[in-house]
Every structure is written in C-alpha cells, then in structure tokens.
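Asks: Hey, dropping target_13.txt in here, compact mmCIF, C-alpha atoms:
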```
# COMPACT_ATOMS: atom_id res chain seq x y z
CA MET A 1 14.76 17.24 1.45
CA GLY A 2 13.46 16.42 -2.04
CA PHE A 3 11.10 13.51 -2.59
CA PHE A 4 13.71 11.28 -4.27
CA SER A 5 16.29 11.87 -1.53
CA LYS A 6 13.68 11.18 1.15
CA LEU A 7 12.66 7.98 -0.64
CA LYS A 8 16.27 6.77 -0.92
CA GLU A 9 16.80 7.48 2.78
CA SER A 10 13.60 5.60 3.68
CA LEU A 11 14.63 2.55 1.68
CA VAL A 12 18.19 2.21 3.06
CA LYS A 13 17.40 -0.80 5.30
CA THR A 14 15.26 -2.50 2.65
CA LYS A 15 18.07 -1.97 0.15
CA GLU A 16 20.53 -3.61 2.54
CA ALA A 17 18.23 -6.56 3.20
CA PHE A 18 17.14 -6.98 -0.39
CA VAL A 19 19.29 -5.55 -3.19
CA GLU A 20 22.62 -6.03 -1.45
CA LYS A 21 21.84 -9.67 -0.62
CA VAL A 22 20.88 -10.32 -4.23
CA THR A 23 24.00 -8.49 -5.44
CA GLN A 24 26.16 -10.69 -3.20
CA VAL A 25 24.67 -13.77 -4.84
CA VAL A 26 25.42 -12.62 -8.40
CA THR A 27 28.80 -10.99 -7.71
CA GLY A 28 32.07 -12.85 -7.52
CA ARG A 29 30.95 -15.94 -9.39
CA LYS A 30 31.03 -16.47 -13.10
CA PRO A 31 28.70 -19.14 -14.45
CA ILE A 32 24.91 -19.02 -14.36
CA ASP A 33 23.74 -22.37 -12.99
CA GLU A 34 20.89 -23.90 -10.97
CA GLU A 35 22.73 -23.39 -7.69
CA LEU A 36 22.80 -19.65 -8.43
CA PHE A 37 19.04 -19.56 -9.06
CA ASP A 38 18.42 -21.47 -5.79
CA GLU A 39 20.51 -18.93 -3.88
CA LEU A 40 18.69 -16.03 -5.55
CA GLU A 41 15.34 -17.57 -4.61
CA GLU A 42 16.47 -17.91 -0.99
CA ALA A 43 17.75 -14.30 -0.89
CA LEU A 44 14.42 -12.96 -2.22
CA ILE A 45 12.36 -15.01 0.27
CA GLN A 46 14.54 -13.78 3.15
CA ALA A 47 13.95 -10.22 1.93
CA ASP A 48 10.17 -10.63 2.59
CA VAL A 49 9.26 -10.64 -1.09
CA GLY A 50 7.08 -13.70 -0.46
CA VAL A 51 7.51 -17.28 -1.71
CA THR A 52 5.13 -17.06 -4.70
CA THR A 53 6.64 -13.82 -5.98
CA SER A 54 10.22 -15.00 -5.38
CA LEU A 55 9.56 -18.17 -7.41
CA LYS A 56 7.99 -16.11 -10.20
CA LEU A 57 10.92 -13.66 -10.32
CA VAL A 58 13.52 -16.42 -10.44
CA GLU A 59 11.60 -18.35 -13.11
CA THR A 60 11.43 -15.17 -15.24
CA LEU A 61 15.19 -14.62 -14.77
CA ARG A 62 15.90 -18.24 -15.72
CA LYS A 63 13.84 -17.84 -18.90
CA LYS A 64 15.32 -14.47 -19.89
CA ALA A 65 18.88 -15.57 -19.18
CA LYS A 66 18.33 -18.45 -21.59
CA GLU A 67 16.65 -16.24 -24.24
CA ASN A 68 19.44 -13.65 -24.07
CA LYS A 69 22.16 -16.33 -23.90
CA LEU A 70 23.61 -14.84 -20.72
CA GLU A 71 26.53 -16.70 -19.22
CA GLU A 72 27.85 -14.61 -16.35
CA ALA A 73 26.02 -14.13 -13.05
CA HIS A 74 26.51 -10.35 -12.79
CA GLU A 75 24.41 -9.90 -15.96
CA LEU A 76 21.34 -11.01 -14.01
CA ARG A 77 21.27 -7.90 -11.80
CA GLY A 78 20.04 -5.63 -14.60
CA LEU A 79 17.40 -8.19 -15.61
CA LEU A 80 16.17 -8.43 -12.02
CA GLU A 81 15.90 -4.65 -11.74
CA GLU A 82 13.87 -4.52 -14.98
CA GLU A 83 11.52 -7.27 -13.81
CA ILE A 84 10.99 -5.70 -10.38
CA THR A 85 10.27 -2.31 -11.98
CA ARG A 86 7.75 -3.96 -14.32
CA MET A 87 6.08 -5.72 -11.38
CA LEU A 88 5.82 -2.47 -9.41
CA GLU A 89 4.26 -0.68 -12.39
CA GLU A 90 1.34 -3.12 -12.68
CA GLY A 91 -2.11 -1.75 -11.82
CA GLU A 92 -3.62 1.71 -11.41
CA HIS A 93 -1.57 3.70 -8.88
CA THR A 94 -3.43 7.01 -9.07
CA LEU A 95 -6.40 7.73 -6.82
CA ASN A 96 -9.82 7.42 -8.49
CA ILE A 97 -11.05 10.90 -7.62
CA GLN A 98 -13.07 13.40 -9.66
CA LYS A 99 -14.43 16.87 -9.18
CA GLY A 100 -18.21 17.26 -9.35
CA ARG A 101 -19.15 14.23 -7.21
CA ILE A 102 -18.81 13.02 -3.63
CA ASN A 103 -15.78 10.72 -3.81
CA VAL A 104 -16.13 8.00 -1.18
CA ILE A 105 -12.89 6.45 0.09
CA LEU A 106 -13.25 3.47 2.43
CA ILE A 107 -10.19 2.83 4.62
CA VAL A 108 -9.69 -0.74 5.91
CA GLY A 109 -6.93 -2.51 7.85
CA VAL A 110 -6.14 -4.07 11.21
CA ASN A 111 -5.59 -1.97 14.31
CA GLY A 112 -2.02 -0.80 14.80
CA VAL A 113 -0.96 -0.50 11.15
CA GLY A 114 -1.23 3.29 11.06
CA LYS A 115 -4.82 3.55 9.80
CA THR A 116 -5.74 6.64 11.84
CA THR A 117 -2.56 8.53 10.98
CA SER A 118 -2.96 7.57 7.31
CA ILE A 119 -6.49 9.01 7.28
CA GLY A 120 -5.19 12.26 8.80
CA LYS A 121 -2.31 12.49 6.31
CA LEU A 122 -4.47 11.53 3.31
CA SER A 123 -7.10 14.12 4.31
CA HIS A 124 -4.36 16.75 4.62
CA LYS A 125 -2.96 15.78 1.20
CA LEU A 126 -6.37 15.96 -0.48
CA LYS A 127 -7.09 19.30 1.15
CA GLN A 128 -3.74 20.63 -0.12
CA ASP A 129 -4.81 19.46 -3.59
CA GLY A 130 -7.88 21.68 -3.36
CA TYR A 131 -10.56 19.18 -2.32
CA LYS A 132 -13.07 19.76 0.48
CA VAL A 133 -12.68 16.71 2.73
CA LEU A 134 -14.94 15.19 5.38
CA VAL A 135 -14.09 12.19 7.58
CA ALA A 136 -16.59 9.67 8.99
CA ALA A 137 -15.44 7.86 12.17
CA GLY A 138 -16.75 4.38 11.33
CA ASP A 139 -14.47 2.56 13.80
CA THR A 140 -16.88 2.86 16.71
CA PHE A 141 -15.71 -0.14 18.73
CA ARG A 142 -12.10 0.52 19.63
CA ALA A 143 -11.59 2.62 22.74
CA ALA A 144 -10.25 6.08 21.91
CA ALA A 145 -10.38 5.45 18.11
CA ILE A 146 -12.78 8.37 17.63
CA ASP A 147 -10.71 10.67 19.87
CA GLN A 148 -7.48 9.81 18.00
CA LEU A 149 -9.14 10.41 14.65
CA GLU A 150 -10.54 13.72 15.89
CA VAL A 151 -7.01 14.90 16.81
CA TRP A 152 -5.69 13.98 13.35
CA CYS A 153 -8.62 15.70 11.63
CA GLN A 154 -7.90 18.87 13.63
CA ARG A 155 -4.26 18.72 12.51
CA ALA A 156 -5.35 18.24 8.90
CA GLY A 157 -7.94 21.00 9.17
CA VAL A 158 -10.90 18.84 8.10
CA ASP A 159 -14.28 18.16 9.71
CA ILE A 160 -15.19 14.82 11.29
CA ILE A 161 -18.60 13.15 11.61
CA HIS A 162 -18.91 10.79 14.59
CA GLN A 163 -21.30 9.29 17.11
CA LYS A 164 -20.61 7.89 20.57
CA GLU A 165 -18.44 4.80 21.07
CA GLY A 166 -20.32 1.57 20.34
CA SER A 167 -22.67 3.14 17.76
CA ASP A 168 -23.62 1.35 14.55
CA PRO A 169 -20.82 2.08 12.03
CA ALA A 170 -23.28 2.03 9.11
CA ALA A 171 -25.31 4.78 10.81
CA VAL A 172 -22.16 6.91 11.11
CA VAL A 173 -21.47 6.36 7.41
CA TYR A 174 -25.04 7.38 6.54
CA ASP A 175 -24.63 10.57 8.60
CA GLY A 176 -21.29 11.19 6.89
CA ILE A 177 -22.83 10.97 3.41
CA GLN A 178 -25.67 13.34 4.35
CA ALA A 179 -23.18 15.80 5.86
CA ALA A 180 -20.98 15.54 2.73
CA ARG A 181 -24.04 16.44 0.61
CA SER A 182 -25.15 19.37 2.74
CA ARG A 183 -21.61 20.78 3.11
CA LYS A 184 -20.79 20.19 -0.56
CA ALA A 185 -17.72 18.09 0.25
CA ASP A 186 -15.66 16.61 -2.58
CA VAL A 187 -14.31 13.64 -0.60
CA LEU A 188 -15.69 11.53 2.23
CA VAL A 189 -13.02 9.39 3.91
CA ILE A 190 -14.54 6.56 5.99
CA ASP A 191 -12.66 4.83 8.81
CA THR A 192 -13.66 1.24 9.61
CA ALA A 193 -12.99 -1.23 12.43
CA GLY A 194 -9.93 -3.45 12.13
CA ARG A 195 -10.82 -6.45 14.27
CA LEU A 196 -9.67 -9.68 12.65
CA GLN A 197 -10.37 -11.92 15.65
CA ASN A 198 -13.87 -12.54 14.33
CA LYS A 199 -13.68 -12.31 10.54
CA THR A 200 -17.42 -13.03 10.14
CA ASN A 201 -18.39 -9.94 12.17
CA LEU A 202 -15.89 -7.77 10.30
CA MET A 203 -17.14 -9.05 6.95
CA GLU A 204 -20.76 -8.37 7.82
CA GLU A 205 -19.94 -4.90 9.15
CA LEU A 206 -18.02 -3.94 5.99
CA ARG A 207 -20.80 -5.34 3.79
CA LYS A 208 -23.35 -3.27 5.68
CA ILE A 209 -21.24 -0.12 5.29
CA ARG A 210 -20.85 -0.86 1.58
CA ARG A 211 -24.61 -1.35 1.17
CA VAL A 212 -25.26 2.06 2.77
CA VAL A 213 -22.69 3.71 0.48
CA GLU A 214 -24.06 2.02 -2.66
CA ARG A 215 -27.65 2.91 -1.77
CA GLU A 216 -26.82 6.58 -1.24
CA ILE A 217 -24.06 6.94 -3.86
CA PRO A 218 -24.64 4.22 -6.49
CA ASP A 219 -21.15 4.40 -8.06
CA GLY A 220 -19.39 4.40 -4.65
CA PRO A 221 -17.22 3.57 -2.88
CA HIS A 222 -14.73 4.89 -5.42
CA GLU A 223 -11.73 3.53 -3.53
CA VAL A 224 -11.26 0.84 -0.89
CA LEU A 225 -7.76 1.40 0.48
CA LEU A 226 -6.11 -1.26 2.62
CA VAL A 227 -3.56 0.11 5.11
CA LEU A 228 -0.61 -2.24 5.64
CA ASP A 229 2.44 -1.82 7.87
CA ALA A 230 5.68 -2.52 5.94
CA THR A 231 7.52 -3.43 9.17
CA THR A 232 5.36 -6.56 9.60
CA GLY A 233 6.70 -8.21 6.43
CA GLN A 234 4.90 -11.51 5.82
CA ASN A 235 2.07 -10.53 8.21
CA ALA A 236 1.21 -7.74 5.75
CA LEU A 237 0.79 -10.38 3.03
CA SER A 238 -1.54 -12.48 5.19
CA GLN A 239 -3.59 -9.34 6.01
CA ALA A 240 -3.81 -8.57 2.29
CA ARG A 241 -5.16 -12.09 1.73
CA ILE A 242 -7.79 -11.83 4.49
CA PHE A 243 -9.03 -8.38 3.53
CA GLY A 244 -9.02 -9.41 -0.13
CA GLU A 245 -11.51 -12.15 0.83
CA VAL A 246 -13.64 -9.75 2.90
CA VAL A 247 -13.80 -6.62 0.74
CA GLN A 248 -12.98 -5.48 -2.81
CA VAL A 249 -9.65 -3.75 -2.20
CA SER A 250 -8.76 -1.22 -4.92
CA GLY A 251 -5.36 -0.14 -3.57
CA VAL A 252 -2.92 -0.10 -0.67
CA ILE A 253 -1.42 2.49 1.65
CA LEU A 254 1.92 1.02 2.75
CA THR A 255 3.00 2.70 5.99
CA LYS A 256 6.27 2.83 7.97
CA LEU A 257 8.58 2.18 5.00
CA ASP A 258 11.20 4.38 6.64
CA GLY A 259 13.39 2.39 8.99
CA THR A 260 12.24 -1.11 8.00
CA ALA A 261 14.24 -3.80 6.22
CA LYS A 262 11.03 -5.48 5.04
CA GLY A 263 10.00 -3.13 2.23
CA GLY A 264 10.40 -6.05 -0.21
CA VAL A 265 6.88 -7.04 0.85
CA ILE A 266 5.60 -4.43 -1.64
CA LEU A 267 6.37 -6.89 -4.46
CA GLY A 268 4.28 -9.66 -2.91
CA ILE A 269 1.36 -7.28 -2.33
CA GLN A 270 1.40 -6.18 -5.96
CA ASN A 271 2.15 -9.52 -7.58
CA GLU A 272 0.19 -12.03 -5.47
CA TYR A 273 -2.88 -9.96 -4.68
CA LYS A 274 -2.87 -7.47 -7.57
CA PHE A 275 -3.46 -4.62 -5.11
CA PRO A 276 -1.68 -1.57 -6.54
CA VAL A 277 0.16 0.48 -3.92
CA LYS A 278 -1.24 4.02 -4.13
CA PHE A 279 0.50 5.75 -1.21
CA ILE A 280 3.60 5.10 0.87
CA GLY A 281 4.42 6.38 4.35
CA VAL A 282 8.02 7.59 4.57
CA GLY A 283 7.98 9.45 7.90
CA GLU A 284 5.89 10.84 10.73
CA LYS A 285 5.22 14.34 9.40
CA MET A 286 1.85 15.28 7.92
CA GLU A 287 3.37 15.53 4.41
CA ASP A 288 5.16 12.17 4.66
CA LEU A 289 2.35 10.24 2.98
CA ARG A 290 3.46 10.28 -0.66
CA ASP A 291 2.00 9.15 -3.98
CA PHE A 292 3.56 5.84 -4.96
CA GLU A 293 5.71 6.27 -8.07
CA PRO A 294 6.86 2.80 -9.23
CA GLN A 295 9.88 3.90 -11.27
CA ALA A 296 11.17 6.30 -8.60
CA PHE A 297 10.73 3.55 -5.99
CA ALA A 298 12.70 1.02 -8.07
CA GLN A 299 15.44 3.55 -8.79
CA ALA A 300 15.75 4.49 -5.12
CA LEU A 301 15.77 0.81 -4.15
CA PHE A 302 18.56 -0.01 -6.57
CA GLY A 303 20.56 3.03 -5.49
CA LYS A 304 20.26 5.14 -8.63
CA SER A 305 20.97 8.86 -8.43
CA GLU A 306 18.30 11.45 -9.18
CA GLU A 307 20.10 12.34 -12.44
CA GLU A 308 19.64 8.76 -13.64
CA GLU A 309 15.92 8.94 -12.92
```
Show how you would write the structure in this file as structure tokens.

Replies:
Amino acid sequence: MGFFSKLKESLVKTKEAFVEKVTQVVTGRKPIDEELFDELEEALIQADVGVTTSLKLVETLRKKAKENKLEEAHELRGLLEEEITRMLEEGEHTLNIQKGRINVILIVGVNGVGKTTSIGKLSHKLKQDGYKVLVAAGDTFRAAAIDQLEVWCQRAGVDIIHQKEGSDPAAVVYDGIQAARSRKADVLVIDTAGRLQNKTNLMEELRKIRRVVEREIPDGPHEVLLVLDATTGQNALSQARIFGEVVQVSGVILTKLDGTAKGGVILGIQNEYKFPVKFIGVGEKMEDLRDFEPQAFAQALFGKSEEEE
C-alpha cells in the first residue's frame, strides 16, 4: 500500500469524527450566522481539536467570511480546509540531522504512549537512510524498560548502551556518548523516564541528562522529541503542556493515529504549543513510522484523492 493510501486508511475514524461533523454543520443550511459559528466551534471541540484552537479557527473563519463576503454556509468548508492546512504547515517538520557530527536525539514522553516502539522504528528508519545509529537506555527506573528497548533495537539492527535497572540515567547517557564517539555513530537516540507523578524529579533528571549532553556535545541535543499517543485526545494536549514546561521540546512523534477518532488533537499540539509534528505512527510494522507531511495529511483528512495531491 502506498503512503497516501495508508494515510487515508489511518485517518478514516478521525475523518468521521472531525471533517464529517463539520460538513454536517455547513451542509443543508443557507445563511452564515452566529448560530452556525457556535455549532462549528462545538463540532471542532468535540473532535479533540482543543478549545483554544477551535476558537481560533472559528474566529479566522468569521473574519474571512466577512472579508470575502460569503453568504452561504457550504462556502466555509473550503476556507476551513485552507486554514487547517496552513496550521499544520507551521514549524520545522524535518529532523535536524547532519552528517559529520554525532546527532543527539532525546526522546521524552509518559509511559504507555509508544515511546519504546517509536525509538525502535525511528532507529530503523534512520538506519535505512544510511545513518549509523546507537541507542542509550536512559529509562532505568521502569521494570523491563531496558529489556523491551533491547528487543526493539535487535529488530532495528542497532546497538544499545545500557546499565542495570536503577542506574543513574545521566551515567548511561555519558556512556552512550563515549560509545557513539568510539564507534563513529552518526546518531545517538536517548530514551528517558516518563514518570509524571513527581514532576520535580522528572524535571531534575532531564536537566541532568541535558547538562551531560551539552558538556560533551556543546551544540546538542539536536532534537528533543515528545512522543504523544493520538488515542488519548485531550490528555495528549495536557502532556504537551507539562513536558513543554519541563524540557525544550523541538518536535512531536504522534503515535497510534491508525484506528483513533481523536487525530484532530494534532491541530492543538501544533497551534497551542508550537510543537511541530515530525513523525506519525500509522501502524504496528517497523516501517509504519512516517515523516509527517502537512499537505498530504490535510488532503487525506479531507478525503482528497492522490491525483488531487
């Protein structure tokens, strides 16, 4: 299956929960009035877009409808599609990675969002792109986290640096950097703990890891990728807020987009927190972590065919 077809298939439930609800609001009624905008706002909020982003989208539609002297409700659908596409395009969606240096990628996120699988898939993807990849198992507190990561690294065909459970994560990161130097690795992917119960501990741990990275590789980390689970909807937005306070997030890996109706959360992530989505998970296979392409995503969401792309 081609990428576009796979993407359309993955977004079927989100399309039903989001685009079709919005279409119902603007179809079958003629005048554009305040009641229509209220209904649109409600439909967007129900589609997990987030309150702030929903209000912004509707306000933009209200303004543009006035500017363009639109009178009929169905004319708003095209405007909404344009505005959503523009919102998705904001930010730098490509990975900050260069040959000739050790590229340090810090992976953060709560337990259960697909962090370990994302590291395995990302490592596989980077290896396929010709980079020599090394993984540092910095989540040393969760039982079996190291074992799970080891399995994924074996599948991806990349080496892993780890210590025993309960070790100091910063020490593992230091070992990882030294190993990356001696093995001439292009990319070091660092796993981190995802415990939000005690934010202070998590913050201090991530700061310590960052200090080690910056001391050893002054321009690193080159990426701090936050893994979010699309199926959690509004919870993903609250996680984005918390991690945004704790660490300088440079981008998002949005997992489990296939089979969820809550993919609208991608708009809130991009608009409210200005975290560009860099990768999306559209299945369980190793190659199902894909580069995020804003236009293709919008076209698949609105049910365009590949020819219209």

Asks: Quick one: contact table of segment 182-301 of chain A to segment 41-48 of chain A, 7 Å max, nearest atom pair and distance in Å to one decimal per residue, counting only C-alpha atoms, chain and number order, as CSV?

Replies:
```
residue,atom,partner,partner_atom,distance
A:Gly233,CA,A:Asp48,CA,5.7
A:Gln234,CA,A:Asp48,CA,6.2
A:Lys262,CA,A:Asp48,CA,5.8
A:Gly264,CA,A:Asp48,CA,5.4
A:Val265,CA,A:Asp48,CA,5.2
```

Asks: Could you name the residues that touch Val25 of chain A at 10 Å or less, counting all atoms listed in the file, but leaving out those on the same chain fewer than 6 positions away, as number ranges by chain?

Replies: A: 19, 36-40, 42-43, 73-74, 77

Asks: To one decimal place, how far is atom CA of Arg62 of chain A from atom CA of Leu79 of chain A in Å?

Replies: 10.2 Å

Asks: Gln295 of chain A: which residues within 8 Å, counting all atoms listed in the file, same-chain residues fewer than 2 positions away excluded, as a ChimeraX atom specification?

Replies: /A:85,88-89,293,297-299

Asks: Can you tell me, as a PyMOL selection string, what residues are no more than 7 Å from Leu134 of chain A when counting all atoms listed in the file, ignoring any on the same chain fewer than 3 positions away?

Replies: chain A and resi 158-160+180+185+187-189
